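Structure file structure30.cif (mmCIF, C-alpha atoms and all ligand atoms) is printed below.
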```cif
data_protein
loop_
_atom_site.group_PDB
_atom_site.id
_atom_site.type_symbol
_atom_site.label_atom_id
_atom_site.label_comp_id
_atom_site.auth_asym_id
_atom_site.auth_seq_id
_atom_site.Cartn_x
_atom_site.Cartn_y
_atom_site.Cartn_z
ATOM 1 C CA MET A 1 0.848 13.732 -13.786
ATOM 2 C CA GLY A 2 0.094 17.142 -15.205
ATOM 3 C CA GLY A 3 -0.598 15.998 -18.772
ATOM 4 C CA LYS A 4 -3.302 17.946 -20.594
ATOM 5 C CA SER A 5 -6.456 16.108 -21.536
ATOM 6 C CA ASP A 6 -9.706 16.954 -23.284
ATOM 7 C CA ILE A 7 -11.615 14.428 -21.183
ATOM 8 C CA ARG A 8 -13.574 15.893 -18.284
ATOM 9 C CA LEU A 9 -12.349 14.113 -15.165
ATOM 10 C CA ILE A 10 -15.036 15.606 -12.881
ATOM 11 C CA ASP A 11 -18.478 16.535 -14.247
ATOM 12 C CA GLU A 12 -20.663 19.507 -13.273
ATOM 13 C CA ASN A 13 -22.307 17.435 -10.531
ATOM 14 C CA GLY A 14 -18.969 16.687 -8.925
ATOM 15 C CA ILE A 15 -18.964 13.081 -10.164
ATOM 16 C CA ARG A 16 -15.638 11.568 -11.152
ATOM 17 C CA ILE A 17 -14.758 9.460 -14.162
ATOM 18 C CA ASP A 18 -15.552 6.207 -12.322
ATOM 19 C CA GLY A 19 -18.705 7.520 -10.649
ATOM 20 C CA ARG A 20 -17.217 8.458 -7.276
ATOM 21 C CA ARG A 21 -17.546 11.697 -5.348
ATOM 22 C CA ARG A 22 -14.493 13.742 -4.385
ATOM 23 C CA ASP A 23 -13.992 12.134 -0.975
ATOM 24 C CA GLU A 24 -14.944 8.577 -1.893
ATOM 25 C CA MET A 25 -12.460 5.729 -1.847
ATOM 26 C CA ARG A 26 -12.585 2.822 -4.282
ATOM 27 C CA PRO A 27 -13.898 -0.445 -2.789
ATOM 28 C CA VAL A 28 -11.200 -2.366 -0.903
ATOM 29 C CA ARG A 29 -11.201 -6.091 -0.147
ATOM 30 C CA ILE A 30 -8.443 -7.935 1.731
ATOM 31 C CA GLU A 31 -7.913 -11.611 2.441
ATOM 32 C CA ALA A 32 -5.181 -12.718 4.851
ATOM 33 C CA GLY A 33 -3.325 -16.045 4.739
ATOM 34 C CA VAL A 34 -3.745 -16.900 1.069
ATOM 35 C CA LEU A 35 -0.362 -18.574 0.394
ATOM 36 C CA LYS A 36 0.642 -21.896 1.953
ATOM 37 C CA ARG A 37 4.398 -21.559 1.550
ATOM 38 C CA ALA A 38 4.874 -18.049 2.905
ATOM 39 C CA ASP A 39 5.067 -17.325 6.645
ATOM 40 C CA GLY A 40 2.408 -14.678 6.127
ATOM 41 C CA SER A 41 0.433 -13.426 3.150
ATOM 42 C CA ALA A 42 -2.416 -11.262 1.953
ATOM 43 C CA TYR A 43 -4.365 -10.638 -1.241
ATOM 44 C CA LEU A 44 -5.876 -7.225 -1.802
ATOM 45 C CA GLU A 45 -8.201 -5.695 -4.359
ATOM 46 C CA TRP A 46 -8.518 -1.933 -4.360
ATOM 47 C CA GLY A 47 -10.744 -0.844 -7.227
ATOM 48 C CA ASP A 48 -8.947 -2.236 -10.279
ATOM 49 C CA ASN A 49 -5.684 -2.753 -8.374
ATOM 50 C CA LYS A 50 -4.872 -6.347 -7.495
ATOM 51 C CA VAL A 51 -1.936 -7.068 -5.227
ATOM 52 C CA ILE A 52 -0.474 -10.092 -3.497
ATOM 53 C CA ALA A 53 1.958 -9.911 -0.564
ATOM 54 C CA ALA A 54 4.119 -12.688 0.885
ATOM 55 C CA VAL A 55 6.283 -12.409 4.005
ATOM 56 C CA TYR A 56 9.167 -14.596 5.193
ATOM 57 C CA GLY A 57 11.031 -14.294 8.437
ATOM 58 C CA PRO A 58 12.552 -13.336 10.696
ATOM 59 C CA ARG A 59 15.269 -15.437 8.995
ATOM 60 C CA GLU A 60 19.024 -15.440 8.445
ATOM 61 C CA VAL A 61 20.418 -12.552 6.380
ATOM 62 C CA HIS A 62 22.249 -13.272 3.122
ATOM 63 C CA PRO A 63 24.642 -11.727 2.256
ATOM 64 C CA LYS A 64 25.824 -11.571 5.866
ATOM 65 C CA HIS A 65 27.310 -8.074 5.671
ATOM 66 C CA LEU A 66 23.766 -6.657 5.478
ATOM 67 C CA GLN A 67 22.900 -7.925 8.943
ATOM 68 C CA GLU A 68 22.478 -5.531 11.873
ATOM 69 C CA THR A 69 23.737 -6.699 15.258
ATOM 70 C CA ASN A 70 20.955 -5.025 17.236
ATOM 71 C CA ARG A 71 17.862 -5.440 15.050
ATOM 72 C CA ALA A 72 16.166 -7.148 12.145
ATOM 73 C CA ILE A 73 16.312 -5.521 8.740
ATOM 74 C CA VAL A 74 13.199 -5.256 6.586
ATOM 75 C CA GLN A 75 13.708 -6.000 2.903
ATOM 76 C CA TYR A 76 10.751 -5.016 0.730
ATOM 77 C CA TYR A 77 10.484 -6.093 -2.891
ATOM 78 C CA TYR A 78 7.790 -4.211 -4.843
ATOM 79 C CA ALA A 79 7.280 -5.577 -8.343
ATOM 80 C CA MET A 80 4.766 -4.981 -11.102
ATOM 81 C CA ALA A 81 3.863 -8.042 -13.153
ATOM 82 C CA PRO A 82 4.486 -7.566 -16.897
ATOM 83 C CA PHE A 83 0.736 -7.993 -17.484
ATOM 84 C CA SER A 84 -0.312 -5.512 -14.778
ATOM 85 C CA VAL A 85 -0.465 -2.470 -17.069
ATOM 86 C CA ASP A 86 -1.664 -1.734 -20.627
ATOM 87 C CA ASP A 87 1.773 -1.543 -22.212
ATOM 88 C CA ARG A 88 3.647 -4.628 -21.081
ATOM 89 C CA LYS A 89 5.898 -3.656 -18.156
ATOM 90 C CA ARG A 90 9.491 -4.787 -18.605
ATOM 91 C CA PRO A 91 10.124 -7.354 -15.904
ATOM 92 C CA GLY A 92 12.747 -6.739 -13.245
ATOM 93 C CA PRO A 93 13.578 -3.861 -10.923
ATOM 94 C CA ASP A 94 13.664 -0.258 -12.138
ATOM 95 C CA ARG A 95 14.121 3.100 -10.448
ATOM 96 C CA ARG A 96 10.458 3.393 -9.528
ATOM 97 C CA SER A 97 10.201 -0.055 -7.905
ATOM 98 C CA THR A 98 13.486 0.490 -6.028
ATOM 99 C CA GLU A 99 12.164 3.769 -4.632
ATOM 100 C CA ILE A 100 8.800 2.287 -3.630
ATOM 101 C CA SER A 101 10.555 -0.686 -1.988
ATOM 102 C CA LYS A 102 12.850 1.590 0.034
ATOM 103 C CA ILE A 103 10.152 3.883 1.414
ATOM 104 C CA SER A 104 7.778 0.994 2.113
ATOM 105 C CA ALA A 105 10.457 -0.925 4.052
ATOM 106 C CA GLU A 106 11.076 2.210 6.126
ATOM 107 C CA ALA A 107 7.352 2.558 6.822
ATOM 108 C CA LEU A 108 7.135 -1.054 8.058
ATOM 109 C CA GLU A 109 10.285 -0.734 10.180
ATOM 110 C CA ASN A 110 8.376 1.827 12.216
ATOM 111 C CA VAL A 111 5.799 -0.706 13.386
ATOM 112 C CA ILE A 112 7.688 -4.012 13.525
ATOM 113 C CA PHE A 113 9.534 -4.728 16.798
ATOM 114 C CA VAL A 114 12.779 -5.123 14.827
ATOM 115 C CA GLU A 115 14.902 -4.904 17.994
ATOM 116 C CA GLN A 116 13.529 -8.283 19.095
ATOM 117 C CA PHE A 117 15.218 -10.069 16.182
ATOM 118 C CA PRO A 118 18.862 -9.032 15.833
ATOM 119 C CA ARG A 119 20.885 -10.284 12.841
ATOM 120 C CA THR A 120 17.771 -11.376 10.922
ATOM 121 C CA THR A 121 15.819 -10.196 7.919
ATOM 122 C CA ILE A 122 12.101 -9.896 7.387
ATOM 123 C CA ASP A 123 11.471 -10.230 3.655
ATOM 124 C CA VAL A 124 8.339 -8.762 2.151
ATOM 125 C CA TYR A 125 7.498 -9.538 -1.485
ATOM 126 C CA VAL A 126 4.657 -7.614 -3.072
ATOM 127 C CA THR A 127 3.551 -8.219 -6.634
ATOM 128 C CA VAL A 128 1.102 -5.938 -8.381
ATOM 129 C CA LEU A 129 -0.993 -8.180 -10.619
ATOM 130 C CA GLN A 130 -3.144 -5.366 -11.988
ATOM 131 C CA ALA A 131 -2.478 -1.644 -11.640
ATOM 132 C CA SER A 132 -4.640 1.451 -11.780
ATOM 133 C CA ALA A 133 -2.791 4.074 -9.706
ATOM 134 C CA GLY A 134 -2.305 4.006 -5.958
ATOM 135 C CA THR A 135 -0.407 0.735 -6.095
ATOM 136 C CA ARG A 136 2.246 1.743 -3.540
ATOM 137 C CA CYS A 137 -0.564 2.358 -1.015
ATOM 138 C CA ALA A 138 -2.318 -0.865 -1.979
ATOM 139 C CA ALA A 139 0.948 -2.795 -1.726
ATOM 140 C CA LEU A 140 1.885 -1.391 1.688
ATOM 141 C CA THR A 141 -1.624 -1.978 3.031
ATOM 142 C CA ALA A 142 -1.461 -5.632 1.904
ATOM 143 C CA ALA A 143 2.138 -6.041 3.104
ATOM 144 C CA SER A 144 1.273 -4.869 6.585
ATOM 145 C CA VAL A 145 -1.537 -7.454 6.843
ATOM 146 C CA ALA A 146 0.882 -10.134 5.570
ATOM 147 C CA VAL A 147 3.464 -9.204 8.246
ATOM 148 C CA ALA A 148 0.789 -9.510 10.934
ATOM 149 C CA ASP A 149 -0.364 -12.798 9.391
ATOM 150 C CA ALA A 150 3.215 -14.074 9.722
ATOM 151 C CA GLY A 151 2.894 -13.544 13.478
ATOM 152 C CA ILE A 152 5.716 -11.005 13.539
ATOM 153 C CA PRO A 153 5.328 -8.709 16.583
ATOM 154 C CA MET A 154 4.121 -5.247 15.583
ATOM 155 C CA ARG A 155 3.093 -2.090 17.424
ATOM 156 C CA ASP A 156 0.246 -1.675 14.956
ATOM 157 C CA LEU A 157 -0.559 -2.083 11.279
ATOM 158 C CA VAL A 158 0.303 0.511 8.625
ATOM 159 C CA ALA A 159 -2.605 1.799 6.547
ATOM 160 C CA ALA A 160 -2.113 3.809 3.370
ATOM 161 C CA CYS A 161 -4.160 5.891 0.939
ATOM 162 C CA ALA A 162 -3.478 8.697 -1.523
ATOM 163 C CA ALA A 163 -5.255 11.983 -2.150
ATOM 164 C CA GLY A 164 -4.487 14.560 -4.803
ATOM 165 C CA LYS A 165 -5.786 17.246 -7.103
ATOM 166 C CA VAL A 166 -7.815 16.842 -10.265
ATOM 167 C CA GLU A 167 -9.399 19.698 -12.268
ATOM 168 C CA ASP A 168 -8.504 22.113 -9.447
ATOM 169 C CA GLN A 169 -10.321 20.001 -6.860
ATOM 170 C CA VAL A 170 -8.886 17.922 -4.040
ATOM 171 C CA VAL A 171 -9.895 14.280 -4.468
ATOM 172 C CA LEU A 172 -9.342 11.012 -2.616
ATOM 173 C CA ASP A 173 -7.713 7.905 -4.075
ATOM 174 C CA LEU A 174 -6.964 8.774 -7.723
ATOM 175 C CA VAL A 175 -7.529 6.237 -10.520
ATOM 176 C CA LYS A 176 -5.148 5.895 -13.458
ATOM 177 C CA GLU A 177 -6.780 8.568 -15.667
ATOM 178 C CA GLU A 178 -6.824 11.025 -12.761
ATOM 179 C CA ASP A 179 -3.211 10.207 -11.945
ATOM 180 C CA ASN A 180 -2.161 10.650 -15.592
ATOM 181 C CA PHE A 181 -4.079 13.857 -16.307
ATOM 182 C CA GLY A 182 -4.519 15.300 -12.804
ATOM 183 C CA GLN A 183 -2.465 17.980 -11.068
ATOM 184 C CA ALA A 184 -1.161 16.214 -7.948
ATOM 185 C CA ASP A 185 -0.992 12.861 -6.205
ATOM 186 C CA MET A 186 0.015 12.502 -2.550
ATOM 187 C CA PRO A 187 0.306 9.005 -1.071
ATOM 188 C CA ILE A 188 0.243 8.832 2.742
ATOM 189 C CA ALA A 189 0.654 5.960 5.199
ATOM 190 C CA ILE A 190 -0.076 6.161 8.916
ATOM 191 C CA VAL A 191 0.176 4.129 12.101
ATOM 192 C CA PRO A 192 -3.509 4.344 13.031
ATOM 193 C CA LYS A 193 -3.119 3.868 16.814
ATOM 194 C CA THR A 194 -0.839 6.878 17.166
ATOM 195 C CA GLY A 195 -1.704 8.837 14.036
ATOM 196 C CA GLU A 196 1.999 9.009 13.071
ATOM 197 C CA ILE A 197 2.702 9.509 9.380
ATOM 198 C CA VAL A 198 5.247 6.925 8.200
ATOM 199 C CA LEU A 199 5.130 7.670 4.472
ATOM 200 C CA MET A 200 4.301 10.804 2.586
ATOM 201 C CA GLN A 201 5.200 11.755 -0.962
ATOM 202 C CA MET A 202 3.900 14.219 -3.481
ATOM 203 C CA ASP A 203 3.975 14.385 -7.222
ATOM 204 C CA GLY A 204 2.634 17.610 -8.785
ATOM 205 C CA HIS A 205 1.539 20.902 -7.234
ATOM 206 C CA MET A 206 -0.930 21.872 -4.517
ATOM 207 C CA THR A 207 -1.325 24.942 -2.312
ATOM 208 C CA LEU A 208 -0.817 24.582 1.444
ATOM 209 C CA ASP A 209 -4.593 24.674 1.989
ATOM 210 C CA GLU A 210 -5.063 21.972 -0.624
ATOM 211 C CA ILE A 211 -2.348 19.852 0.988
ATOM 212 C CA ASP A 212 -4.151 20.225 4.339
ATOM 213 C CA GLU A 213 -7.435 19.128 2.808
ATOM 214 C CA ALA A 214 -5.821 16.228 0.939
ATOM 215 C CA MET A 215 -4.062 15.070 4.107
ATOM 216 C CA ASP A 216 -7.287 15.149 6.105
ATOM 217 C CA MET A 217 -9.058 13.134 3.409
ATOM 218 C CA ALA A 218 -6.269 10.563 3.056
ATOM 219 C CA ILE A 219 -5.823 10.105 6.811
ATOM 220 C CA LYS A 220 -9.559 9.633 7.332
ATOM 221 C CA ALA A 221 -9.507 7.001 4.557
ATOM 222 C CA CYS A 222 -6.549 5.261 6.238
ATOM 223 C CA TYR A 223 -8.735 4.663 9.299
ATOM 224 C CA ASP A 224 -11.370 3.032 7.061
ATOM 225 C CA ILE A 225 -8.619 0.891 5.504
ATOM 226 C CA TYR A 226 -7.418 -0.046 9.013
ATOM 227 C CA GLU A 227 -10.846 -1.521 9.815
ATOM 228 C CA ILE A 228 -10.761 -3.608 6.623
ATOM 229 C CA GLN A 229 -7.232 -4.822 7.479
ATOM 230 C CA LYS A 230 -8.233 -5.896 10.990
ATOM 231 C CA GLU A 231 -11.372 -7.568 9.643
ATOM 232 C CA ALA A 232 -9.219 -9.613 7.207
ATOM 233 C CA LEU A 233 -7.019 -10.808 10.079
ATOM 234 C CA TRP A 234 -10.029 -11.679 12.256
ATOM 235 C CA LYS A 235 -11.540 -13.678 9.388
ATOM 236 C CA LYS A 236 -8.297 -15.620 8.952
ATOM 237 C CA TYR A 237 -8.247 -16.594 12.647
ATOM 238 C CA GLU A 238 -11.944 -17.490 12.602
ATOM 239 C CA ARG A 239 -11.205 -19.756 9.631
ATOM 240 C CA LEU A 240 -8.312 -21.381 11.508
ATOM 241 C CA ALA A 241 -10.456 -21.917 14.603
ATOM 242 C CA GLU A 242 -13.176 -23.571 12.506
ATOM 243 C CA GLU A 243 -10.631 -25.857 10.846
ATOM 244 C CA GLU A 244 -9.323 -26.923 14.261
ATOM 245 C CA VAL A 245 -12.808 -27.775 15.492
ATOM 246 C CA VAL A 246 -13.481 -30.026 12.479
HETATM 247 P P1 LIG A 301 1.269 4.405 -7.744
HETATM 248 O O1 LIG A 301 0.845 3.135 -8.424
HETATM 249 O O2 LIG A 301 1.681 4.187 -6.333
HETATM 250 O O3 LIG A 301 0.231 5.501 -7.887
HETATM 251 P P2 LIG A 301 2.815 5.870 -9.720
HETATM 252 O O4 LIG A 301 2.168 7.180 -9.453
HETATM 253 O O5 LIG A 301 4.264 5.829 -10.034
HETATM 254 O O6 LIG A 301 2.597 4.886 -8.477
HETATM 255 O O7 LIG A 301 2.084 5.128 -10.913
HETATM 256 C C1 LIG A 301 0.737 5.380 -11.198
HETATM 257 C C2 LIG A 301 0.190 4.331 -12.138
HETATM 258 O O8 LIG A 301 0.858 4.412 -13.392
HETATM 259 C C3 LIG A 301 0.409 2.891 -11.695
HETATM 260 O O9 LIG A 301 -0.484 2.464 -10.703
HETATM 261 C C4 LIG A 301 0.204 2.185 -13.005
HETATM 262 O O10 LIG A 301 -1.186 2.084 -13.290
HETATM 263 C C5 LIG A 301 0.860 3.137 -13.993
HETATM 264 N N1 LIG A 301 2.257 2.716 -14.262
HETATM 265 C C6 LIG A 301 3.310 2.756 -13.436
HETATM 266 N N2 LIG A 301 4.428 2.251 -14.007
HETATM 267 C C7 LIG A 301 4.068 1.860 -15.240
HETATM 268 C C8 LIG A 301 4.747 1.256 -16.344
HETATM 269 N N3 LIG A 301 6.050 0.937 -16.281
HETATM 270 N N4 LIG A 301 4.038 1.004 -17.456
HETATM 271 C C9 LIG A 301 2.732 1.321 -17.539
HETATM 272 N N5 LIG A 301 2.023 1.898 -16.540
HETATM 273 C C10 LIG A 301 2.678 2.152 -15.399
#
```
Represent the supplied structure as structure tokens.
Amino acid sequence: MGGKSDIRLIDENGIRIDGRRRDEMRPVRIEAGVLKRADGSAYLEWGDNKVIAAVYGPREVHPKHLQETNRAIVQYYYAMAPFSVDDRKRPGPDRRSTEISKISAEALENVIFVEQFPRTTIDVYVTVLQASAGTRCAALTAASVAVADAGIPMRDLVAACAAGKVEDQVVLDLVKEEDNFGQADMPIAIVPKTGEIVLMQMDGHMTLDEIDEAMDMAIKACYDIYEIQKEALWKKYERLAEEEVV
């Protein structure tokens, strides 16, 4: 973020480096129920991002001292595969993945009926197979579909998208070059039914007016994401119904 570049990120016609307009999201595709051994799962492609999410639980907590007597805990493990970025990513947790895991777990705790499952854990594993900025939003979007696919009771899904600032213009859903050489990136996640914001971060600088515009753009995009999430879950159940008929 904030690095200087000689490349034009937005041309004179308002077209971005990958051909999108300012308020256009990259194409998103989600498939629910892709892993046999997980209780719930989802695969998501978001532009060049590729993410897989697996959910287990509610199940017993180990080590026991982590358990809560009145609710389930949500443990979220965000990981980037070594081959997901240009320079090989060192495997294993680092500060960034620990931070993303913490805030994403908190976002999901807002929608899961955790009070129904005391002393248990709901474990969410998300692996980024290919990364091009916006992976925390992609991961959380996939994770929320995987939790629903596991049949865990939820108030609603969580949908996420980022907006930011590139060449002094507010743009939706930054790609890697825009994230590297742009001025700001602001990931947001919402509970679509209520409009509550359950995750919001910002890297870089924007004015209050720009933040307002970026929020409007990102929230609108979250509602589009929400439709794609629900569609993925419908498709999974249609598939199951067909299999039962056969
Ligand atoms: P997000 O992926 O949620 O936008 P960041 O802003 O931290 O999170 O990262 C932006 C992008 O930078 C990532 O999507 C990825 O393409 C790249 N990136 C992150 N960590 C690494 C790393 N360790 N090595 C190479 N590229 C990375």
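Using all atoms listed in the file, the shortest contact distance between Arg29 (chain A) and any of A:His205, A:Lys230, A:Arg95, A:Arg239 is found at A:Lys230.
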Coordinates of box centre and edge lengths for ligand LIG 301 (chain A), 5 Å on every side, axis-aligned, as AutoDock Vina command-line options:
```
--center_x 2.4 --center_y 4.1 --center_z -11.9 --size_x 17.2 --size_y 16.2 --size_z 21.2
```
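For the residues A:Leu9, A:Ala143, A:Lys165, A:Ala150, ranking by smallest atom-to-atom distance to Lys36 (chain A) using only C-alpha atoms places A:Ala150 first.
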What residues have any atom no more than 6 Å from ligand LIG 301 (chain A) when counting only C-alpha atoms and all ligand atoms, and can you list them as a count of residues only? 10
Could you pull the residues within 12 Å of Thr98 (chain A), counting all atoms listed in the file, minus those fewer than 6 positions along the same chain, as a PyMOL selection string? chain A and resi 75-80+92+104-105+136
Can you list, as a VMD selection string, the residues that the PyMOL selection byres (((chain A and resi 24) around 10) and not hetatm) selects here? chain A and resid 16 19 to 23 25 to 27 171 to 174 217 221
Residue members of the PyMOL selection byres (((chain A and resi 184) around 12) and not hetatm) in the file shown, as a VMD selection string: chain A and resid 1 to 3 162 to 174 178 to 183 185 to 187 201 to 207 210 to 211 214
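Take CA of Glu109 (chain A) and CA of Val51 (chain A): the distance between them is 20.7 Å.
If you look at CA of Ala72 (chain A) and CA of Ile152 (chain A), they are 11.2 Å away from each other.
Counting all atoms listed in the file, the residue from A:Glu68, A:Glu243, A:Asp123, A:Glu213 that sits nearest to Ala146 (chain A) is A:Asp123.
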Given the choices A:Thr194, A:Thr141, A:Ser84, A:Gln130, which gets closest to Ile228 (chain A) if the distance is worked out from all atoms listed in the file? A:Thr141
Which of these residues is nearest to Trp234 (chain A), using all atoms listed in the file: A:Gly195, A:Pro58, A:Gly33, A:Pro82? A:Gly33
Residue members of the PyMOL selection byres (((chain A and resi 32) around 6) and not hetatm) in the file shown, as a list in words: Glu31, Gly33, Val34, Ser41, Ala42, Ala232, Leu233 and Lys236 of chain A
Mind rebuilding region 148-176 of chain A with N, CA and C atoms and writing that out as a PDB file, keeping the file's coordinate frame?
```pdb
ATOM      1  N   ALA A 148       1.570  -9.101   9.760  1.00  0.00           N
ATOM      2  CA  ALA A 148       0.789  -9.510  10.934  1.00  0.00           C
ATOM      3  C   ALA A 148       0.400 -10.981  10.820  1.00  0.00           C
ATOM      4  N   ASP A 149       0.028 -11.397   9.621  1.00  0.00           N
ATOM      5  CA  ASP A 149      -0.364 -12.798   9.391  1.00  0.00           C
ATOM      6  C   ASP A 149       0.808 -13.748   9.648  1.00  0.00           C
ATOM      7  N   ALA A 150       2.030 -13.247   9.461  1.00  0.00           N
ATOM      8  CA  ALA A 150       3.215 -14.074   9.722  1.00  0.00           C
ATOM      9  C   ALA A 150       3.480 -14.201  11.225  1.00  0.00           C
ATOM     10  N   GLY A 151       2.715 -13.482  12.032  1.00  0.00           N
ATOM     11  CA  GLY A 151       2.894 -13.544  13.478  1.00  0.00           C
ATOM     12  C   GLY A 151       4.085 -12.744  13.962  1.00  0.00           C
ATOM     13  N   ILE A 152       4.561 -11.825  13.149  1.00  0.00           N
ATOM     14  CA  ILE A 152       5.716 -11.005  13.539  1.00  0.00           C
ATOM     15  C   ILE A 152       5.216  -9.879  14.458  1.00  0.00           C
ATOM     16  N   PRO A 153       5.842  -9.720  15.640  1.00  0.00           N
ATOM     17  CA  PRO A 153       5.328  -8.709  16.583  1.00  0.00           C
ATOM     18  C   PRO A 153       5.375  -7.290  16.015  1.00  0.00           C
ATOM     19  N   MET A 154       4.234  -6.612  16.117  1.00  0.00           N
ATOM     20  CA  MET A 154       4.121  -5.247  15.583  1.00  0.00           C
ATOM     21  C   MET A 154       3.424  -4.348  16.596  1.00  0.00           C
ATOM     22  N   ARG A 155       3.775  -3.060  16.575  1.00  0.00           N
ATOM     23  CA  ARG A 155       3.093  -2.090  17.424  1.00  0.00           C
ATOM     24  C   ARG A 155       1.669  -1.883  16.926  1.00  0.00           C
ATOM     25  N   ASP A 156       1.530  -1.933  15.610  1.00  0.00           N
ATOM     26  CA  ASP A 156       0.246  -1.675  14.956  1.00  0.00           C
ATOM     27  C   ASP A 156       0.400  -2.021  13.486  1.00  0.00           C
ATOM     28  N   LEU A 157      -0.677  -1.928  12.734  1.00  0.00           N
ATOM     29  CA  LEU A 157      -0.559  -2.083  11.279  1.00  0.00           C
ATOM     30  C   LEU A 157      -0.173  -0.727  10.678  1.00  0.00           C
ATOM     31  N   VAL A 158       0.139  -0.740   9.382  1.00  0.00           N
ATOM     32  CA  VAL A 158       0.303   0.511   8.625  1.00  0.00           C
ATOM     33  C   VAL A 158      -0.825   0.539   7.603  1.00  0.00           C
ATOM     34  N   ALA A 159      -1.525   1.655   7.530  1.00  0.00           N
ATOM     35  CA  ALA A 159      -2.605   1.799   6.547  1.00  0.00           C
ATOM     36  C   ALA A 159      -2.261   2.953   5.622  1.00  0.00           C
ATOM     37  N   ALA A 160      -2.530   2.784   4.331  1.00  0.00           N
ATOM     38  CA  ALA A 160      -2.113   3.809   3.370  1.00  0.00           C
ATOM     39  C   ALA A 160      -3.236   4.185   2.416  1.00  0.00           C
ATOM     40  N   CYS A 161      -3.231   5.428   1.978  1.00  0.00           N
ATOM     41  CA  CYS A 161      -4.160   5.891   0.939  1.00  0.00           C
ATOM     42  C   CYS A 161      -3.613   7.197   0.353  1.00  0.00           C
ATOM     43  N   ALA A 162      -3.948   7.460  -0.895  1.00  0.00           N
ATOM     44  CA  ALA A 162      -3.478   8.697  -1.523  1.00  0.00           C
ATOM     45  C   ALA A 162      -4.637   9.677  -1.693  1.00  0.00           C
ATOM     46  N   ALA A 163      -4.297  10.960  -1.737  1.00  0.00           N
ATOM     47  CA  ALA A 163      -5.255  11.983  -2.150  1.00  0.00           C
ATOM     48  C   ALA A 163      -4.492  12.907  -3.086  1.00  0.00           C
ATOM     49  N   GLY A 164      -5.202  13.695  -3.861  1.00  0.00           N
ATOM     50  CA  GLY A 164      -4.487  14.560  -4.803  1.00  0.00           C
ATOM     51  C   GLY A 164      -5.395  15.630  -5.357  1.00  0.00           C
ATOM     52  N   LYS A 165      -5.044  16.122  -6.536  1.00  0.00           N
ATOM     53  CA  LYS A 165      -5.786  17.246  -7.103  1.00  0.00           C
ATOM     54  C   LYS A 165      -6.084  16.959  -8.573  1.00  0.00           C
ATOM     55  N   VAL A 166      -7.358  17.109  -8.907  1.00  0.00           N
ATOM     56  CA  VAL A 166      -7.815  16.842 -10.265  1.00  0.00           C
ATOM     57  C   VAL A 166      -8.759  17.980 -10.661  1.00  0.00           C
ATOM     58  N   GLU A 167      -8.559  18.577 -11.815  1.00  0.00           N
ATOM     59  CA  GLU A 167      -9.399  19.698 -12.268  1.00  0.00           C
ATOM     60  C   GLU A 167      -9.605  20.721 -11.153  1.00  0.00           C
ATOM     61  N   ASP A 168      -8.513  21.096 -10.510  1.00  0.00           N
ATOM     62  CA  ASP A 168      -8.504  22.113  -9.447  1.00  0.00           C
ATOM     63  C   ASP A 168      -9.281  21.710  -8.191  1.00  0.00           C
ATOM     64  N   GLN A 169      -9.611  20.433  -8.060  1.00  0.00           N
ATOM     65  CA  GLN A 169     -10.321  20.001  -6.860  1.00  0.00           C
ATOM     66  C   GLN A 169      -9.527  18.910  -6.149  1.00  0.00           C
ATOM     67  N   VAL A 170      -9.571  18.951  -4.829  1.00  0.00           N
ATOM     68  CA  VAL A 170      -8.886  17.922  -4.040  1.00  0.00           C
ATOM     69  C   VAL A 170      -9.749  16.668  -4.044  1.00  0.00           C
ATOM     70  N   VAL A 171      -9.139  15.534  -4.394  1.00  0.00           N
ATOM     71  CA  VAL A 171      -9.895  14.280  -4.468  1.00  0.00           C
ATOM     72  C   VAL A 171      -9.144  13.163  -3.747  1.00  0.00           C
ATOM     73  N   LEU A 172      -9.917  12.162  -3.319  1.00  0.00           N
ATOM     74  CA  LEU A 172      -9.342  11.012  -2.616  1.00  0.00           C
ATOM     75  C   LEU A 172      -9.090   9.879  -3.599  1.00  0.00           C
ATOM     76  N   ASP A 173      -7.948   9.198  -3.425  1.00  0.00           N
ATOM     77  CA  ASP A 173      -7.713   7.905  -4.075  1.00  0.00           C
ATOM     78  C   ASP A 173      -7.873   7.959  -5.602  1.00  0.00           C
ATOM     79  N   LEU A 174      -6.900   8.576  -6.271  1.00  0.00           N
ATOM     80  CA  LEU A 174      -6.964   8.774  -7.723  1.00  0.00           C
ATOM     81  C   LEU A 174      -6.890   7.455  -8.501  1.00  0.00           C
ATOM     82  N   VAL A 175      -7.687   7.367  -9.577  1.00  0.00           N
ATOM     83  CA  VAL A 175      -7.529   6.237 -10.520  1.00  0.00           C
ATOM     84  C   VAL A 175      -6.515   6.643 -11.594  1.00  0.00           C
ATOM     85  N   LYS A 176      -6.224   5.696 -12.486  1.00  0.00           N
ATOM     86  CA  LYS A 176      -5.148   5.895 -13.458  1.00  0.00           C
ATOM     87  C   LYS A 176      -5.338   7.170 -14.299  1.00  0.00           C
TER      88      LYS A 176
END
```
